[in-house]
$ cat final-v2.cif   # mmCIF, C-alpha atoms (C1' of nucleotides)
data_input
#
loop_
_atom_site.group_PDB
_atom_site.id
_atom_site.type_symbol
_atom_site.label_atom_id
_atom_site.label_comp_id
_atom_site.auth_asym_id
_atom_site.auth_seq_id
_atom_site.Cartn_x
_atom_site.Cartn_y
_atom_site.Cartn_z
ATOM 1 C CA MET A 1 -3.327 -33.185 -10.365
ATOM 2 C CA MET A 2 -3.628 -31.484 -7.042
ATOM 3 C CA ARG A 3 -2.756 -27.908 -6.153
ATOM 4 C CA LEU A 4 -1.421 -26.640 -2.872
ATOM 5 C CA GLU A 5 -1.038 -22.984 -1.911
ATOM 6 C CA LEU A 6 1.546 -22.349 0.770
ATOM 7 C CA ALA A 7 2.016 -18.935 2.325
ATOM 8 C CA ALA A 8 5.457 -17.733 3.392
ATOM 9 C CA ARG A 9 6.567 -15.298 6.052
ATOM 10 C CA PRO A 10 7.256 -12.080 4.123
ATOM 11 C CA PRO A 11 9.502 -10.971 2.595
ATOM 12 C CA PHE A 12 9.878 -14.080 0.465
ATOM 13 C CA ASN A 13 11.033 -14.354 -3.127
ATOM 14 C CA PHE A 14 10.575 -17.756 -4.725
ATOM 15 C CA GLN A 15 12.888 -17.140 -7.687
ATOM 16 C CA ALA A 16 15.669 -15.792 -5.483
ATOM 17 C CA THR A 17 15.319 -18.694 -3.065
ATOM 18 C CA VAL A 18 15.674 -21.330 -5.774
ATOM 19 C CA ARG A 19 18.553 -19.482 -7.412
ATOM 20 C CA SER A 20 20.294 -19.125 -4.052
ATOM 21 C CA HIS A 21 21.927 -22.513 -4.334
ATOM 22 C CA GLY A 22 23.344 -24.838 -6.971
ATOM 23 C CA TRP A 23 21.182 -27.542 -5.387
ATOM 24 C CA ARG A 24 18.500 -26.682 -7.976
ATOM 25 C CA ARG A 25 20.708 -28.315 -10.593
ATOM 26 C CA LEU A 26 21.298 -31.550 -8.678
ATOM 27 C CA ALA A 27 18.966 -34.516 -9.193
ATOM 28 C CA PRO A 28 16.208 -35.095 -8.417
ATOM 29 C CA PHE A 29 15.712 -31.315 -8.583
ATOM 30 C CA SER A 30 15.313 -29.656 -11.933
ATOM 31 C CA TRP A 31 14.723 -26.001 -12.703
ATOM 32 C CA ASP A 32 13.381 -24.399 -15.876
ATOM 33 C CA GLU A 33 13.670 -20.780 -14.658
ATOM 34 C CA GLU A 34 10.019 -20.843 -13.670
ATOM 35 C CA ARG A 35 9.224 -24.005 -11.751
ATOM 36 C CA LEU A 36 11.258 -26.192 -9.453
ATOM 37 C CA ARG A 37 10.445 -29.832 -10.123
ATOM 38 C CA ARG A 38 11.235 -32.888 -8.135
ATOM 39 C CA VAL A 39 10.142 -36.490 -7.763
ATOM 40 C CA GLU A 40 9.595 -37.295 -4.114
ATOM 41 C CA ARG A 41 9.182 -40.565 -2.254
ATOM 42 C CA LEU A 42 6.758 -40.287 0.652
ATOM 43 C CA SER A 43 7.046 -42.269 3.856
ATOM 44 C CA THR A 44 4.110 -44.399 2.729
ATOM 45 C CA GLY A 45 6.242 -45.519 -0.206
ATOM 46 C CA ARG A 46 4.241 -43.589 -2.784
ATOM 47 C CA VAL A 47 6.310 -41.684 -5.315
ATOM 48 C CA VAL A 48 4.926 -38.330 -6.512
ATOM 49 C CA LYS A 49 6.053 -35.501 -8.717
ATOM 50 C CA LEU A 50 6.086 -31.908 -7.496
ATOM 51 C CA ALA A 51 6.210 -28.716 -9.540
ATOM 52 C CA ILE A 52 6.710 -25.673 -7.339
ATOM 53 C CA GLY A 53 6.202 -22.164 -8.640
ATOM 54 C CA GLY A 54 5.886 -18.609 -7.381
ATOM 55 C CA SER A 55 2.619 -16.729 -7.188
ATOM 56 C CA ASP A 56 1.498 -13.180 -7.931
ATOM 57 C CA GLU A 57 -1.462 -13.441 -5.572
ATOM 58 C CA LEU A 58 0.223 -14.562 -2.383
ATOM 59 C CA THR A 59 3.596 -14.323 -0.698
ATOM 60 C CA GLY A 60 4.510 -17.943 -0.992
ATOM 61 C CA VAL A 61 4.410 -20.770 -3.505
ATOM 62 C CA ILE A 62 2.010 -22.972 -5.408
ATOM 63 C CA VAL A 63 2.739 -26.683 -5.512
ATOM 64 C CA ALA A 64 1.328 -28.879 -8.263
ATOM 65 C CA ILE A 65 1.321 -32.545 -7.225
ATOM 66 C CA ARG A 66 1.004 -35.469 -9.618
ATOM 67 C CA ALA A 67 0.526 -39.033 -8.484
ATOM 68 C CA ASN A 68 -0.837 -42.273 -9.897
ATOM 69 C CA GLU A 69 -3.611 -42.382 -7.263
ATOM 70 C CA ALA A 70 -5.419 -40.008 -4.941
ATOM 71 C CA LEU A 71 -3.298 -39.031 -1.957
ATOM 72 C CA THR A 72 -4.314 -39.338 1.664
ATOM 73 C CA ASP A 73 -4.457 -36.283 3.930
ATOM 74 C CA GLY A 74 -1.340 -37.572 5.632
ATOM 75 C CA GLU A 75 0.553 -37.757 2.365
ATOM 76 C CA VAL A 76 -0.490 -34.238 1.398
ATOM 77 C CA GLY A 77 0.585 -33.024 4.835
ATOM 78 C CA GLU A 78 3.963 -34.665 4.385
ATOM 79 C CA ILE A 79 4.428 -32.923 1.037
ATOM 80 C CA GLU A 80 3.500 -29.589 2.570
ATOM 81 C CA GLY A 81 5.998 -30.056 5.379
ATOM 82 C CA LYS A 82 8.756 -30.982 2.957
ATOM 83 C CA VAL A 83 8.122 -27.996 0.686
ATOM 84 C CA ARG A 84 8.028 -25.639 3.670
ATOM 85 C CA TRP A 85 11.382 -26.990 4.817
ATOM 86 C CA MET A 86 12.999 -26.926 1.347
ATOM 87 C CA LEU A 87 12.212 -23.255 0.832
ATOM 88 C CA GLY A 88 12.322 -22.095 4.439
ATOM 89 C CA LEU A 89 8.838 -20.613 4.174
ATOM 90 C CA GLU A 90 8.584 -19.941 7.906
ATOM 91 C CA GLU A 91 12.121 -18.800 8.549
ATOM 92 C CA GLU A 92 12.468 -15.682 10.697
ATOM 93 C CA LEU A 93 15.185 -13.403 9.292
ATOM 94 C CA THR A 94 14.016 -10.014 10.565
ATOM 95 C CA ASP A 95 17.215 -9.301 12.519
ATOM 96 C CA PHE A 96 19.386 -10.164 9.541
ATOM 97 C CA TYR A 97 17.364 -7.857 7.286
ATOM 98 C CA GLY A 98 17.869 -5.076 9.819
ATOM 99 C CA LEU A 99 21.644 -5.491 9.626
ATOM 100 C CA CYS A 100 21.587 -5.639 5.824
ATOM 101 C CA GLU A 101 20.161 -2.115 5.648
ATOM 102 C CA GLY A 102 23.509 -0.756 6.784
ATOM 103 C CA GLU A 103 25.643 -2.672 4.294
ATOM 104 C CA PRO A 104 25.547 -1.603 0.628
ATOM 105 C CA ALA A 105 26.691 -5.052 -0.512
ATOM 106 C CA LEU A 106 23.657 -6.621 1.173
ATOM 107 C CA ARG A 107 20.922 -4.055 0.606
ATOM 108 C CA HIS A 108 19.626 -6.095 -2.316
ATOM 109 C CA VAL A 109 18.782 -8.886 0.126
ATOM 110 C CA VAL A 110 16.008 -6.850 1.737
ATOM 111 C CA GLU A 111 14.885 -5.113 -1.439
ATOM 112 C CA GLU A 112 14.474 -8.390 -3.308
ATOM 113 C CA GLY A 113 13.258 -10.634 -0.506
ATOM 114 C CA LYS A 114 16.357 -12.834 -0.560
ATOM 115 C CA GLY A 115 17.906 -14.583 2.419
ATOM 116 C CA HIS A 116 16.429 -18.066 2.093
ATOM 117 C CA ILE A 117 18.597 -20.931 0.851
ATOM 118 C CA LEU A 118 17.216 -23.889 -1.058
ATOM 119 C CA ARG A 119 17.720 -27.193 0.713
ATOM 120 C CA SER A 120 16.707 -30.820 0.314
ATOM 121 C CA PRO A 121 13.677 -32.278 2.104
ATOM 122 C CA THR A 122 15.893 -34.484 4.239
ATOM 123 C CA VAL A 123 19.122 -33.735 6.075
ATOM 124 C CA TYR A 124 20.402 -37.088 4.810
ATOM 125 C CA GLU A 125 20.154 -35.889 1.213
ATOM 126 C CA ASP A 126 21.877 -32.609 2.053
ATOM 127 C CA VAL A 127 24.740 -34.412 3.800
ATOM 128 C CA VAL A 128 25.227 -36.854 0.926
ATOM 129 C CA LYS A 129 25.215 -34.030 -1.606
ATOM 130 C CA THR A 130 27.572 -31.902 0.457
ATOM 131 C CA ILE A 131 30.085 -34.756 0.656
ATOM 132 C CA CYS A 132 29.744 -35.062 -3.120
ATOM 133 C CA THR A 133 30.853 -31.436 -3.556
ATOM 134 C CA THR A 134 34.151 -31.896 -1.731
ATOM 135 C CA ASN A 135 37.438 -31.939 -3.608
ATOM 136 C CA CYS A 136 35.952 -32.188 -7.067
ATOM 137 C CA THR A 137 34.429 -29.964 -9.718
ATOM 138 C CA TRP A 138 30.759 -29.061 -9.799
ATOM 139 C CA ARG A 139 30.368 -31.096 -12.987
ATOM 140 C CA GLN A 140 31.598 -34.174 -11.141
ATOM 141 C CA THR A 141 29.171 -33.483 -8.303
ATOM 142 C CA GLU A 142 26.321 -33.333 -10.818
ATOM 143 C CA GLY A 143 27.494 -36.615 -12.300
ATOM 144 C CA MET A 144 27.795 -38.441 -8.988
ATOM 145 C CA VAL A 145 24.413 -37.278 -7.678
ATOM 146 C CA GLY A 146 22.755 -37.870 -11.057
ATOM 147 C CA ARG A 147 23.976 -41.476 -11.205
ATOM 148 C CA LEU A 148 23.061 -42.057 -7.562
ATOM 149 C CA VAL A 149 19.460 -40.983 -8.224
ATOM 150 C CA GLU A 150 19.194 -42.721 -11.583
ATOM 151 C CA ARG A 151 20.495 -46.071 -10.332
ATOM 152 C CA LEU A 152 19.241 -46.270 -6.761
ATOM 153 C CA GLY A 153 16.234 -43.944 -6.578
ATOM 154 C CA GLU A 154 12.673 -45.234 -6.629
ATOM 155 C CA PRO A 155 10.927 -44.739 -9.953
ATOM 156 C CA TYR A 156 8.014 -42.386 -10.463
ATOM 157 C CA PRO A 157 5.221 -44.498 -11.986
ATOM 158 C CA LEU A 158 4.080 -41.972 -14.603
ATOM 159 C CA GLU A 159 7.377 -40.850 -16.157
ATOM 160 C CA PRO A 160 10.937 -42.148 -16.359
ATOM 161 C CA LEU A 161 12.101 -40.137 -13.329
ATOM 162 C CA LYS A 162 13.473 -41.160 -9.956
ATOM 163 C CA ALA A 163 13.332 -39.929 -6.381
ATOM 164 C CA PHE A 164 16.417 -39.417 -4.228
ATOM 165 C CA PRO A 165 17.380 -42.869 -2.930
ATOM 166 C CA THR A 166 16.591 -43.858 0.636
ATOM 167 C CA PRO A 167 19.475 -44.500 3.052
ATOM 168 C CA GLU A 168 18.377 -48.145 2.982
ATOM 169 C CA ALA A 169 18.804 -48.394 -0.790
ATOM 170 C CA VAL A 170 22.230 -46.769 -0.706
ATOM 171 C CA ALA A 171 23.353 -48.897 2.222
ATOM 172 C CA GLU A 172 22.226 -52.033 0.452
ATOM 173 C CA ALA A 173 24.047 -51.081 -2.755
ATOM 174 C CA GLY A 174 27.271 -50.900 -0.769
ATOM 175 C CA GLU A 175 30.626 -49.206 -1.071
ATOM 176 C CA ASN A 176 31.875 -51.074 -4.130
ATOM 177 C CA TYR A 177 28.757 -50.233 -6.074
ATOM 178 C CA LEU A 178 29.064 -46.567 -5.133
ATOM 179 C CA LYS A 179 32.664 -46.557 -6.252
ATOM 180 C CA GLN A 180 32.342 -48.515 -9.461
ATOM 181 C CA GLU A 181 28.881 -47.602 -10.739
ATOM 182 C CA VAL A 182 28.264 -44.193 -9.202
ATOM 183 C CA ARG A 183 31.980 -43.303 -9.484
ATOM 184 C CA MET A 184 32.137 -41.523 -6.168
ATOM 185 C CA GLY A 185 35.812 -42.264 -5.714
ATOM 186 C CA TYR A 186 37.046 -42.347 -2.133
ATOM 187 C CA ARG A 187 33.797 -40.676 -1.015
ATOM 188 C CA ALA A 188 32.062 -44.033 -1.539
ATOM 189 C CA SER A 189 33.198 -45.352 1.815
ATOM 190 C CA SER A 190 31.870 -42.286 3.669
ATOM 191 C CA ILE A 191 28.527 -42.329 1.870
ATOM 192 C CA ALA A 192 28.138 -46.079 2.422
ATOM 193 C CA GLN A 193 28.889 -45.801 6.139
ATOM 194 C CA LEU A 194 26.608 -42.780 6.550
ATOM 195 C CA SER A 195 23.771 -44.588 4.797
ATOM 196 C CA ARG A 196 24.182 -47.695 6.950
ATOM 197 C CA GLN A 197 24.106 -45.634 10.132
ATOM 198 C CA VAL A 198 21.047 -43.649 9.077
ATOM 199 C CA ALA A 199 19.227 -46.754 7.848
ATOM 200 C CA SER A 200 19.900 -48.628 11.071
ATOM 201 C CA GLY A 201 18.759 -45.707 13.188
ATOM 202 C CA ASP A 202 22.178 -45.182 14.793
ATOM 203 C CA LEU A 203 22.390 -41.718 13.288
ATOM 204 C CA ASP A 204 19.367 -39.411 13.572
ATOM 205 C CA LEU A 205 20.057 -36.755 10.963
ATOM 206 C CA GLU A 206 16.465 -35.575 10.595
ATOM 207 C CA GLY A 207 16.349 -34.776 14.294
ATOM 208 C CA LEU A 208 18.912 -32.033 13.631
ATOM 209 C CA LYS A 209 16.199 -29.909 12.036
ATOM 210 C CA HIS A 210 14.818 -29.086 15.445
ATOM 211 C CA SER A 211 17.766 -29.896 17.668
ATOM 212 C CA SER A 212 18.145 -28.063 20.959
ATOM 213 C CA LEU A 213 21.934 -28.354 20.739
ATOM 214 C CA GLY A 214 23.941 -25.162 20.410
ATOM 215 C CA THR A 215 25.603 -24.527 17.080
ATOM 216 C CA ALA A 216 29.086 -25.293 18.423
ATOM 217 C CA GLU A 217 27.932 -28.701 19.661
ATOM 218 C CA LEU A 218 26.129 -29.371 16.385
ATOM 219 C CA TYR A 219 29.269 -28.446 14.474
ATOM 220 C CA LYS A 220 31.331 -30.915 16.502
ATOM 221 C CA TRP A 221 28.688 -33.578 16.073
ATOM 222 C CA LEU A 222 28.572 -33.092 12.302
ATOM 223 C CA LYS A 223 32.360 -33.224 12.035
ATOM 224 C CA SER A 224 32.325 -36.607 13.721
ATOM 225 C CA ILE A 225 30.575 -37.971 10.630
ATOM 226 C CA LYS A 226 33.110 -39.599 8.335
ATOM 227 C CA GLY A 227 33.604 -37.482 5.235
ATOM 228 C CA VAL A 228 32.361 -34.303 6.909
ATOM 229 C CA GLY A 229 35.124 -31.818 7.744
ATOM 230 C CA GLN A 230 35.207 -28.082 8.418
ATOM 231 C CA TYR A 231 33.787 -26.952 5.129
ATOM 232 C CA ALA A 232 31.087 -29.602 4.904
ATOM 233 C CA ALA A 233 29.986 -29.162 8.531
ATOM 234 C CA ALA A 234 29.601 -25.409 8.120
ATOM 235 C CA HIS A 235 27.695 -25.886 4.879
ATOM 236 C CA ILE A 236 25.323 -28.388 6.459
ATOM 237 C CA LEU A 237 24.815 -26.056 9.423
ATOM 238 C CA SER A 238 23.743 -23.305 7.047
ATOM 239 C CA LEU A 239 21.187 -25.664 5.522
ATOM 240 C CA LEU A 240 19.888 -26.291 9.044
ATOM 241 C CA GLY A 241 19.348 -22.562 9.497
ATOM 242 C CA ARG A 242 22.463 -22.066 11.644
ATOM 243 C CA TYR A 243 24.531 -19.327 10.092
ATOM 244 C CA ASP A 244 27.249 -18.640 12.663
ATOM 245 C CA TYR A 245 29.948 -20.781 11.025
ATOM 246 C CA LEU A 246 31.568 -20.028 7.700
ATOM 247 C CA GLY A 247 32.747 -22.928 5.578
ATOM 248 C CA ILE A 248 35.937 -21.869 3.853
ATOM 249 C CA ASP A 249 36.481 -23.444 0.469
ATOM 250 C CA THR A 250 38.485 -22.458 -2.579
ATOM 251 C CA TRP A 251 35.544 -20.388 -3.781
ATOM 252 C CA ALA A 252 35.302 -18.354 -0.562
ATOM 253 C CA ARG A 253 39.054 -17.748 -0.574
ATOM 254 C CA LYS A 254 38.917 -16.551 -4.153
ATOM 255 C CA LEU A 255 36.020 -14.130 -3.574
ATOM 256 C CA VAL A 256 37.463 -12.650 -0.390
ATOM 257 C CA SER A 257 40.928 -12.390 -1.917
ATOM 258 C CA GLU A 258 39.654 -10.490 -4.956
ATOM 259 C CA ARG A 259 37.244 -8.225 -3.116
ATOM 260 C CA PHE A 260 39.117 -7.433 0.111
ATOM 261 C CA PHE A 261 42.810 -8.236 -0.469
ATOM 262 C CA ASP A 262 43.396 -7.027 -4.009
ATOM 263 C CA GLY A 263 43.835 -10.576 -5.276
ATOM 264 C CA ALA A 264 46.567 -11.508 -2.782
ATOM 265 C CA PRO A 265 46.385 -14.993 -1.213
ATOM 266 C CA VAL A 266 44.339 -15.075 2.002
ATOM 267 C CA THR A 267 44.436 -17.321 5.037
ATOM 268 C CA ASP A 268 41.294 -18.958 6.376
ATOM 269 C CA GLU A 269 41.579 -16.712 9.438
ATOM 270 C CA GLU A 270 41.465 -13.620 7.233
ATOM 271 C CA VAL A 271 38.336 -14.890 5.520
ATOM 272 C CA GLN A 272 36.733 -15.493 8.927
ATOM 273 C CA GLU A 273 37.672 -12.009 10.141
ATOM 274 C CA VAL A 274 36.003 -10.316 7.206
ATOM 275 C CA PHE A 275 32.644 -11.768 8.232
ATOM 276 C CA ALA A 276 33.122 -12.004 11.990
ATOM 277 C CA PRO A 277 31.125 -8.780 12.619
ATOM 278 C CA TRP A 278 28.037 -10.528 11.250
ATOM 279 C CA GLY A 279 27.953 -12.885 14.218
ATOM 280 C CA LYS A 280 25.125 -15.397 13.975
ATOM 281 C CA TRP A 281 24.411 -14.240 10.424
ATOM 282 C CA ARG A 282 27.901 -14.547 9.012
ATOM 283 C CA PHE A 283 27.143 -17.346 6.595
ATOM 284 C CA LEU A 284 24.170 -15.468 5.106
ATOM 285 C CA ALA A 285 26.248 -12.294 4.850
ATOM 286 C CA TYR A 286 28.912 -14.209 2.948
ATOM 287 C CA TRP A 287 26.435 -16.140 0.832
ATOM 288 C CA PHE A 288 24.395 -13.169 -0.336
ATOM 289 C CA TRP A 289 27.243 -10.658 -0.499
ATOM 290 C CA ASP A 290 27.179 -8.700 -3.744
ATOM 291 C CA TRP A 291 30.690 -9.522 -4.940
ATOM 292 C CA VAL A 292 30.283 -7.764 -8.255
ATOM 293 C CA GLY A 293 29.044 -4.373 -7.040
ATOM 294 C "C1'" DT B 1 52.454 -35.761 -17.365
ATOM 295 C "C1'" DT B 2 51.044 -32.994 -13.913
ATOM 296 C "C1'" DC B 3 47.890 -30.333 -11.511
ATOM 297 C "C1'" DC B 4 43.795 -29.473 -8.973
ATOM 298 C "C1'" DA B 5 38.640 -29.030 -8.249
ATOM 299 C "C1'" DG B 6 33.557 -24.914 -3.830
ATOM 300 C "C1'" DG B 7 38.316 -31.201 1.197
ATOM 301 C "C1'" DG B 8 38.939 -34.760 4.639
ATOM 302 C "C1'" DG B 9 41.320 -38.502 7.305
ATOM 303 C "C1'" DT B 10 45.381 -39.910 9.410
ATOM 304 C "C1'" DA B 11 49.999 -40.266 11.315
ATOM 305 C "C1'" DG B 12 53.523 -38.055 13.480
ATOM 306 C "C1'" DA B 13 55.429 -34.147 15.776
ATOM 307 C "C1'" DT C 1 47.061 -27.930 17.543
ATOM 308 C "C1'" DC C 2 49.790 -28.103 13.168
ATOM 309 C "C1'" DT C 3 51.789 -30.284 9.040
ATOM 310 C "C1'" DA C 4 52.678 -33.677 5.312
ATOM 311 C "C1'" DC C 5 50.789 -36.906 2.787
ATOM 312 C "C1'" DC C 6 47.381 -39.733 0.803
ATOM 313 C "C1'" DC C 7 42.876 -40.370 -1.000
ATOM 314 C "C1'" DA C 8 39.486 -41.602 -6.432
ATOM 315 C "C1'" DT C 9 37.833 -39.038 -10.178
ATOM 316 C "C1'" DG C 10 37.984 -36.376 -14.484
ATOM 317 C "C1'" DG C 11 39.088 -32.230 -17.022
ATOM 318 C "C1'" DA C 12 42.647 -28.759 -18.348
#

$ encode --input "final-v2.cif" --output "structure tokens"
Amino acid sequence: MMRLELAARPPFNFQATVRSHGWRRLAPFSWDEERLRRVERLSTGRVVKLAIGGSDELTGVIVAIRANEALTDGEVGEIEGKVRWMLGLEEELTDFYGLCEGEPALRHVVEEGKGHILRSPTVYEDVVKTICTTNCTWRQTEGMVGRLVERLGEPYPLEPLKAFPTPEAVAEAGENYLKQEVRMGYRASSIAQLSRQVASGDLDLEGLKHSSLGTAELYKWLKSIKGVGQYAAAHILSLLGRYDYLGIDTWARKLVSERFFDGAPVTDEEVQEVFAPWGKWRFLAYWFWDWVG
DNA sequence: TTCCAGGGGTAGA
DNA sequence: TCTACCCATGGA
């Protein structure tokens, strides 16, 4: 077992970051209220298991790595990069924190070091999972992603666990398999096409992490992906650290209706207007808004 | 049986 | 640009 200490830009709260998103409950992630675990396939083909936890000594996280053989420096570096991306350890949110001071419903963000959103190591995984959240219940999303990982992911040699499947594996399985075995319904065709395009190199999703495109262009680009509409594109943007679009779903409509419109039905425009003053931070303002208080 | 879930694509206007 | 309709799946 190997141990990696990774510092984060303060303020950073590991627990709050993991709890920020339902992603922690989608395979291959698992969460026991203390450590975030995940089997990960490295670019060398080696499959390792990560257990990420908070630390009292440093602002950041401690990563325990298990593998069947000693890892190379390159492999350890890859793991470090992936963990930093998943938890947004270097993300600069100072301006957002400044704005939160003036809003009672967001003061807890600064006080508790919130503001980071858990994401997957690859954009491909985040896009697949986002498509799997559309027009179905969360339980169905868990089922689809769970079966995808279980059936197509590469096995971890030391325990019966799998990594998130590569685009190549999903592309090779094909649309019918995704429909019949993974039970993705009509989403199967989108996921199959996406996986083929990523596997062939026609679609460079990972390049979006450091794209120089403006958010509006990125949004358009994402929407051109089959299966990615308004909601999904905005959600993916937020996982890329672009917070100036708000994805309106039934959940957002419900929250805004109850909190700002006394339970009356709201239009998407009304939801947008509520958060428009937050400008480039509007998604974070919505996401971390204290709806109960 | 019908409806709809943290929607999206398409045709037709 | 806007609307109506269809799209698998599974639970209420």

$ interface_residues --input "final-v2.cif" --of "chain C" --to "chain A" --cutoff "10 Å" --atoms "all atoms listed in the file" --output "ChimeraX atom specification"
/C:7-11

$ resolve_selection --input "final-v2.cif" --expression "the PyMOL selection byres ((chain A) within 8 of (chain B))" --output "PDB file with C-alpha atoms, in the frame of the given file"
ATOM      1  CA  THR A 133      30.853 -31.436  -3.556  1.00  0.00           C
ATOM      2  CA  THR A 134      34.151 -31.896  -1.731  1.00  0.00           C
ATOM      3  CA  ASN A 135      37.438 -31.939  -3.608  1.00  0.00           C
ATOM      4  CA  CYS A 136      35.952 -32.188  -7.067  1.00  0.00           C
ATOM      5  CA  THR A 137      34.429 -29.964  -9.718  1.00  0.00           C
ATOM      6  CA  TRP A 138      30.759 -29.061  -9.799  1.00  0.00           C
ATOM      7  CA  GLY A 227      33.604 -37.482   5.235  1.00  0.00           C
ATOM      8  CA  VAL A 228      32.361 -34.303   6.909  1.00  0.00           C
ATOM      9  CA  GLY A 229      35.124 -31.818   7.744  1.00  0.00           C
ATOM     10  CA  TYR A 231      33.787 -26.952   5.129  1.00  0.00           C
ATOM     11  CA  ASP A 249      36.481 -23.444   0.469  1.00  0.00           C
ATOM     12  CA  THR A 250      38.485 -22.458  -2.579  1.00  0.00           C
ATOM     13  CA  TRP A 251      35.544 -20.388  -3.781  1.00  0.00           C
ATOM     14  CA  ALA A 252      35.302 -18.354  -0.562  1.00  0.00           C
TER      15      ALA A 252
END

$ atom_distance --input "final-v2.cif" --atom1 "atom CA of A:Thr130" --atom2 "atom CA of A:Leu194"
12.5 Å

$ atom_distance --input "final-v2.cif" --atom1 "atom CA of A:Gly174" --atom2 "atom CA of A:Thr141"
19.1 Å

$ resolve_selection --input "final-v2.cif" --expression "the PyMOL selection byres ((chain A and resi 254-268) around 12)" --output "PDB file with C-alpha atoms (C1' of nucleotides), in the coordinates of the input"
ATOM      1  CA  ALA A 105      26.691  -5.052  -0.512  1.00  0.00           C
ATOM      2  CA  GLN A 230      35.207 -28.082   8.418  1.00  0.00           C
ATOM      3  CA  TYR A 231      33.787 -26.952   5.129  1.00  0.00           C
ATOM      4  CA  LEU A 246      31.568 -20.028   7.700  1.00  0.00           C
ATOM      5  CA  GLY A 247      32.747 -22.928   5.578  1.00  0.00           C
ATOM      6  CA  ILE A 248      35.937 -21.869   3.853  1.00  0.00           C
ATOM      7  CA  ASP A 249      36.481 -23.444   0.469  1.00  0.00           C
ATOM      8  CA  THR A 250      38.485 -22.458  -2.579  1.00  0.00           C
ATOM      9  CA  TRP A 251      35.544 -20.388  -3.781  1.00  0.00           C
ATOM     10  CA  ALA A 252      35.302 -18.354  -0.562  1.00  0.00           C
ATOM     11  CA  ARG A 253      39.054 -17.748  -0.574  1.00  0.00           C
ATOM     12  CA  GLU A 269      41.579 -16.712   9.438  1.00  0.00           C
ATOM     13  CA  GLU A 270      41.465 -13.620   7.233  1.00  0.00           C
ATOM     14  CA  VAL A 271      38.336 -14.890   5.520  1.00  0.00           C
ATOM     15  CA  GLN A 272      36.733 -15.493   8.927  1.00  0.00           C
ATOM     16  CA  GLU A 273      37.672 -12.009  10.141  1.00  0.00           C
ATOM     17  CA  VAL A 274      36.003 -10.316   7.206  1.00  0.00           C
ATOM     18  CA  PHE A 275      32.644 -11.768   8.232  1.00  0.00           C
ATOM     19  CA  TYR A 286      28.912 -14.209   2.948  1.00  0.00           C
ATOM     20  CA  TRP A 287      26.435 -16.140   0.832  1.00  0.00           C
ATOM     21  CA  TRP A 289      27.243 -10.658  -0.499  1.00  0.00           C
ATOM     22  CA  ASP A 290      27.179  -8.700  -3.744  1.00  0.00           C
ATOM     23  CA  TRP A 291      30.690  -9.522  -4.940  1.00  0.00           C
ATOM     24  CA  VAL A 292      30.283  -7.764  -8.255  1.00  0.00           C
ATOM     25  CA  GLY A 293      29.044  -4.373  -7.040  1.00  0.00           C
TER      26      GLY A 293
ATOM     27  C1'  DG B   6      33.557 -24.914  -3.830  1.00  0.00           C
TER      28       DG B   6
END

$ atom_distance --input "final-v2.cif" --atom1 "atom CA of A:Phe96" --atom2 "atom CA of A:Arg25"
27.1 Å

$ resolve_selection --input "final-v2.cif" --expression "the PyMOL selection byres ((chain A and resi 107-110) around 12)" --output "ChimeraX atom specification"
/A:10-13,16-17,20,93-106,111-116,284-291,293

$ residues_around --input "final-v2.cif" --residues "A:Arg242" --least-positions-apart "3" --cutoff "8 Å" --atoms "all atoms listed in the file" --output "PyMOL selection string"
chain A and resi 215+237-239+245+280

$ build_atoms --input "final-v2.cif" --residues "stretch 73-82 of chain A" --atoms "N, CA and C atoms" --output "CSV table (one decimal), in the coordinates of the input"
chain,number,residue,atom,x,y,z
A,73,ASP,N,-4.7,-37.6,3.3
A,73,ASP,CA,-4.5,-36.3,3.9
A,73,ASP,C,-3.1,-36.3,4.5
A,74,GLY,N,-2.7,-37.5,5.0
A,74,GLY,CA,-1.3,-37.6,5.6
A,74,GLY,C,-0.2,-37.4,4.6
A,75,GLU,N,-0.5,-37.9,3.4
A,75,GLU,CA,0.6,-37.8,2.4
A,75,GLU,C,0.7,-36.3,1.9
A,76,VAL,N,-0.5,-35.7,1.8
A,76,VAL,CA,-0.5,-34.2,1.4
A,76,VAL,C,0.2,-33.4,2.5
A,77,GLY,N,-0.1,-33.7,3.7
A,77,GLY,CA,0.6,-33.0,4.8
A,77,GLY,C,2.1,-33.2,4.8
A,78,GLU,N,2.5,-34.4,4.5
A,78,GLU,CA,4.0,-34.7,4.4
A,78,GLU,C,4.6,-33.8,3.3
A,79,ILE,N,3.9,-33.7,2.1
A,79,ILE,CA,4.4,-32.9,1.0
A,79,ILE,C,4.5,-31.5,1.5
A,80,GLU,N,3.5,-31.0,2.1
A,80,GLU,CA,3.5,-29.6,2.6
A,80,GLU,C,4.7,-29.3,3.5
A,81,GLY,N,4.9,-30.2,4.4
A,81,GLY,CA,6.0,-30.1,5.4
A,81,GLY,C,7.3,-30.0,4.7
A,82,LYS,N,7.5,-30.9,3.7
A,82,LYS,CA,8.8,-31.0,3.0
A,82,LYS,C,9.0,-29.7,2.1
